[in-house]
$ cat entry-v1.cif   # mmCIF, C-alpha atoms
data_query
#
loop_
_atom_site.group_PDB
_atom_site.id
_atom_site.type_symbol
_atom_site.label_atom_id
_atom_site.label_comp_id
_atom_site.auth_asym_id
_atom_site.auth_seq_id
_atom_site.Cartn_x
_atom_site.Cartn_y
_atom_site.Cartn_z
ATOM 1 C CA MET A 1 0.000 0.000 0.000
ATOM 2 C CA GLY A 2 1.331 3.423 -0.985
ATOM 3 C CA LYS A 3 1.187 6.785 0.710
ATOM 4 C CA ASN A 4 -2.158 8.393 1.394
ATOM 5 C CA GLN A 5 -2.713 11.409 -0.858
ATOM 6 C CA HIS A 6 -3.854 14.684 0.703
ATOM 7 C CA VAL A 7 -5.558 17.531 -1.167
ATOM 8 C CA ILE A 8 -4.647 20.644 0.809
ATOM 9 C CA PRO A 9 -4.951 24.419 0.478
ATOM 10 C CA SER A 10 -1.779 26.070 -0.826
ATOM 11 C CA GLY A 11 -2.168 29.834 -0.671
ATOM 12 C CA LYS A 12 -4.903 30.637 -3.198
ATOM 13 C CA LYS A 13 -4.357 27.319 -4.945
ATOM 14 C CA TRP A 14 -4.708 23.639 -4.053
ATOM 15 C CA GLY A 15 -1.931 21.129 -3.638
ATOM 16 C CA VAL A 16 -1.539 17.366 -3.643
ATOM 17 C CA LYS A 17 0.886 15.979 -1.109
ATOM 18 C CA GLY A 18 1.829 12.415 -0.246
ATOM 19 C CA GLU A 19 1.502 11.656 3.461
ATOM 20 C CA GLY A 20 4.784 12.331 5.245
ATOM 21 C CA ASN A 21 6.248 14.339 2.354
ATOM 22 C CA GLU A 22 7.526 17.852 2.967
ATOM 23 C CA LYS A 23 6.910 19.151 -0.560
ATOM 24 C CA LEU A 24 3.789 19.207 -2.702
ATOM 25 C CA THR A 25 3.614 16.672 -5.504
ATOM 26 C CA LYS A 26 1.765 19.186 -7.675
ATOM 27 C CA GLU A 27 -0.234 22.431 -7.356
ATOM 28 C CA PHE A 28 -3.544 23.296 -9.064
ATOM 29 C CA ASP A 29 -5.812 26.306 -9.528
ATOM 30 C CA THR A 30 -8.933 24.430 -8.371
ATOM 31 C CA GLN A 31 -9.693 21.849 -5.724
ATOM 32 C CA LYS A 32 -11.439 19.661 -8.309
ATOM 33 C CA GLU A 33 -8.271 19.441 -10.427
ATOM 34 C CA ALA A 34 -6.263 18.515 -7.339
ATOM 35 C CA ILE A 35 -8.825 15.866 -6.319
ATOM 36 C CA ASP A 36 -8.814 14.294 -9.793
ATOM 37 C CA PHE A 37 -5.001 14.115 -9.803
ATOM 38 C CA ALA A 38 -4.748 12.778 -6.232
ATOM 39 C CA LYS A 39 -7.463 10.207 -6.929
ATOM 40 C CA GLN A 40 -5.398 8.735 -9.780
ATOM 41 C CA ILE A 41 -2.359 8.392 -7.511
ATOM 42 C CA ALA A 42 -4.408 6.895 -4.657
ATOM 43 C CA GLN A 43 -5.973 4.346 -7.025
ATOM 44 C CA ASN A 44 -2.566 3.373 -8.469
ATOM 45 C CA GLN A 45 -0.999 3.058 -5.007
ATOM 46 C CA LYS A 46 -4.079 1.433 -3.424
ATOM 47 C CA SER A 47 -4.083 4.095 -0.734
ATOM 48 C CA GLU A 48 -6.471 6.679 0.672
ATOM 49 C CA LEU A 49 -7.531 10.044 -0.724
ATOM 50 C CA VAL A 50 -7.893 12.669 2.031
ATOM 51 C CA ILE A 51 -9.560 15.954 1.070
ATOM 52 C CA HIS A 52 -9.103 19.015 3.276
ATOM 53 C CA ASN A 53 -11.198 22.200 3.286
ATOM 54 C CA LYS A 54 -9.856 25.769 2.971
ATOM 55 C CA GLU A 55 -9.091 25.822 6.710
ATOM 56 C CA GLY A 56 -7.030 22.639 6.390
ATOM 57 C CA LYS A 57 -9.475 20.372 8.241
ATOM 58 C CA ILE A 58 -10.381 16.997 6.733
ATOM 59 C CA ARG A 59 -13.709 17.237 4.927
ATOM 60 C CA ASP A 60 -13.797 13.891 3.143
ATOM 61 C CA LYS A 61 -11.939 10.612 2.571
ATOM 62 C CA ASP A 62 -12.076 7.836 -0.003
ATOM 63 C CA SER A 63 -10.207 4.547 0.244
ATOM 64 C CA PHE A 64 -8.754 2.693 -2.747
ATOM 65 C CA GLY A 65 -6.813 0.046 -0.814
ATOM 66 C CA ASN A 66 -7.708 -3.145 0.965
ATOM 67 C CA ASP A 67 -9.970 -1.460 3.497
ATOM 68 C CA PRO A 68 -11.579 -4.012 5.866
ATOM 69 C CA ASN A 69 -14.615 -1.688 6.130
ATOM 70 C CA PRO A 70 -15.001 -0.215 2.642
ATOM 71 C CA PRO A 71 -17.454 2.651 2.197
ATOM 72 C CA LYS A 72 -20.788 1.710 0.678
ATOM 73 C CA ASP A 73 -20.872 4.880 -1.387
ATOM 74 C CA ARG A 74 -17.958 6.220 -3.411
ATOM 75 C CA LYS A 75 -18.300 9.973 -3.833
ATOM 76 C CA HIS A 76 -15.218 10.638 -5.935
#

$ encode --input "entry-v1.cif" --output "structure tokens"
Amino acid sequence: MGKNQHVIPSGKKWGVKGEGNEKLTKEFDTQKEAIDFAKQIAQNQKSELVIHNKEGKIRDKDSFGNDPNPPKDRKH
């Protein structure tokens, strides 16, 4: 299982950052673009997508790994 991917605010933009990394993987103008990019990585690495709001608090998660309690509804 790879690193969880976080979509986080980055100034007036949105960034994707692998869990534990110091630097952003990539920066985007919109949160949707960042989510789409992070989702691809999370699916490839069989990890979790963690979406933060503008204040940096977690607003949503989606798991693409071997989750023993998978969500019944995939939002992303």

$ atom_distance --input "entry-v1.cif" --atom1 "CA of Asp62 (chain A)" --atom2 "CA of Phe37 (chain A)"
13.6 Å

$ atom_distance --input "entry-v1.cif" --atom1 "CA of Phe64 (chain A)" --atom2 "CA of Lys26 (chain A)"
20.2 Å

$ atom_distance --input "entry-v1.cif" --atom1 "CA of Gly56 (chain A)" --atom2 "CA of Lys3 (chain A)"
18.7 Å

$ closest_residue --input "entry-v1.cif" --among "A:Ser63, A:Gln45, A:Asn4, A:Gln40" --to "Asn21 (chain A)" --atoms "all atoms listed in the file"
A:Asn4

$ residues_around --input "entry-v1.cif" --residues "Lys12 (chain A)" --least-positions-apart "6" --cutoff "12 Å" --atoms "all atoms listed in the file" --output "NGL selection string"
:A and (27-31 or 54-55)

$ residues_around --input "entry-v1.cif" --residues "region 6-8 of chain A" --least-positions-apart "5" --cutoff "8 Å" --atoms "all atoms listed in the file" --output "PDB file with C-alpha atoms, keeping the file's coordinate frame"
ATOM      1  CA  TRP A  14      -4.708  23.639  -4.053  1.00  0.00           C
ATOM      2  CA  GLY A  15      -1.931  21.129  -3.638  1.00  0.00           C
ATOM      3  CA  VAL A  16      -1.539  17.366  -3.643  1.00  0.00           C
ATOM      4  CA  LYS A  17       0.886  15.979  -1.109  1.00  0.00           C
ATOM      5  CA  GLY A  18       1.829  12.415  -0.246  1.00  0.00           C
ATOM      6  CA  GLU A  19       1.502  11.656   3.461  1.00  0.00           C
ATOM      7  CA  GLN A  31      -9.693  21.849  -5.724  1.00  0.00           C
ATOM      8  CA  ALA A  34      -6.263  18.515  -7.339  1.00  0.00           C
ATOM      9  CA  ILE A  35      -8.825  15.866  -6.319  1.00  0.00           C
ATOM     10  CA  ALA A  38      -4.748  12.778  -6.232  1.00  0.00           C
ATOM     11  CA  LEU A  49      -7.531  10.044  -0.724  1.00  0.00           C
ATOM     12  CA  VAL A  50      -7.893  12.669   2.031  1.00  0.00           C
ATOM     13  CA  ILE A  51      -9.560  15.954   1.070  1.00  0.00           C
ATOM     14  CA  HIS A  52      -9.103  19.015   3.276  1.00  0.00           C
ATOM     15  CA  ASN A  53     -11.198  22.200   3.286  1.00  0.00           C
ATOM     16  CA  LYS A  54      -9.856  25.769   2.971  1.00  0.00           C
ATOM     17  CA  GLY A  56      -7.030  22.639   6.390  1.00  0.00           C
TER      18      GLY A  56
END

$ closest_residue --input "entry-v1.cif" --among "A:Lys23, A:Lys61, A:Lys32, A:Lys46" --to "Met1 (chain A)" --atoms "all atoms listed in the file"
A:Lys46

$ build_atoms --input "entry-v1.cif" --residues "region 26-37 of chain A" --atoms "N, CA and C atoms" --output "PDB file, keeping the file's coordinate frame"
ATOM      1  N   LYS A  26       2.185  18.306  -6.590  1.00  0.00           N
ATOM      2  CA  LYS A  26       1.765  19.186  -7.675  1.00  0.00           C
ATOM      3  C   LYS A  26       0.770  20.198  -7.123  1.00  0.00           C
ATOM      4  N   GLU A  27       0.682  21.366  -7.778  1.00  0.00           N
ATOM      5  CA  GLU A  27      -0.234  22.431  -7.356  1.00  0.00           C
ATOM      6  C   GLU A  27      -1.222  22.732  -8.481  1.00  0.00           C
ATOM      7  N   PHE A  28      -2.460  23.063  -8.104  1.00  0.00           N
ATOM      8  CA  PHE A  28      -3.544  23.296  -9.064  1.00  0.00           C
ATOM      9  C   PHE A  28      -4.304  24.570  -8.727  1.00  0.00           C
ATOM     10  N   ASP A  29      -4.993  25.112  -9.725  1.00  0.00           N
ATOM     11  CA  ASP A  29      -5.812  26.306  -9.528  1.00  0.00           C
ATOM     12  C   ASP A  29      -7.114  25.999  -8.799  1.00  0.00           C
ATOM     13  N   THR A  30      -7.657  24.781  -8.990  1.00  0.00           N
ATOM     14  CA  THR A  30      -8.933  24.430  -8.371  1.00  0.00           C
ATOM     15  C   THR A  30      -8.794  23.161  -7.532  1.00  0.00           C
ATOM     16  N   GLN A  31      -9.687  23.035  -6.557  1.00  0.00           N
ATOM     17  CA  GLN A  31      -9.693  21.849  -5.724  1.00  0.00           C
ATOM     18  C   GLN A  31     -10.080  20.619  -6.544  1.00  0.00           C
ATOM     19  N   LYS A  32     -10.997  20.792  -7.484  1.00  0.00           N
ATOM     20  CA  LYS A  32     -11.439  19.661  -8.309  1.00  0.00           C
ATOM     21  C   LYS A  32     -10.269  19.073  -9.103  1.00  0.00           C
ATOM     22  N   GLU A  33      -9.440  19.934  -9.684  1.00  0.00           N
ATOM     23  CA  GLU A  33      -8.271  19.441 -10.427  1.00  0.00           C
ATOM     24  C   GLU A  33      -7.339  18.662  -9.508  1.00  0.00           C
ATOM     25  N   ALA A  34      -7.139  19.180  -8.302  1.00  0.00           N
ATOM     26  CA  ALA A  34      -6.263  18.515  -7.339  1.00  0.00           C
ATOM     27  C   ALA A  34      -6.849  17.165  -6.919  1.00  0.00           C
ATOM     28  N   ILE A  35      -8.166  17.116  -6.701  1.00  0.00           N
ATOM     29  CA  ILE A  35      -8.825  15.866  -6.319  1.00  0.00           C
ATOM     30  C   ILE A  35      -8.681  14.828  -7.422  1.00  0.00           C
ATOM     31  N   ASP A  36      -8.918  15.228  -8.665  1.00  0.00           N
ATOM     32  CA  ASP A  36      -8.814  14.294  -9.793  1.00  0.00           C
ATOM     33  C   ASP A  36      -7.401  13.709  -9.900  1.00  0.00           C
ATOM     34  N   PHE A  37      -6.394  14.553  -9.724  1.00  0.00           N
ATOM     35  CA  PHE A  37      -5.001  14.115  -9.803  1.00  0.00           C
ATOM     36  C   PHE A  37      -4.669  13.179  -8.635  1.00  0.00           C
TER      37      PHE A  37
END
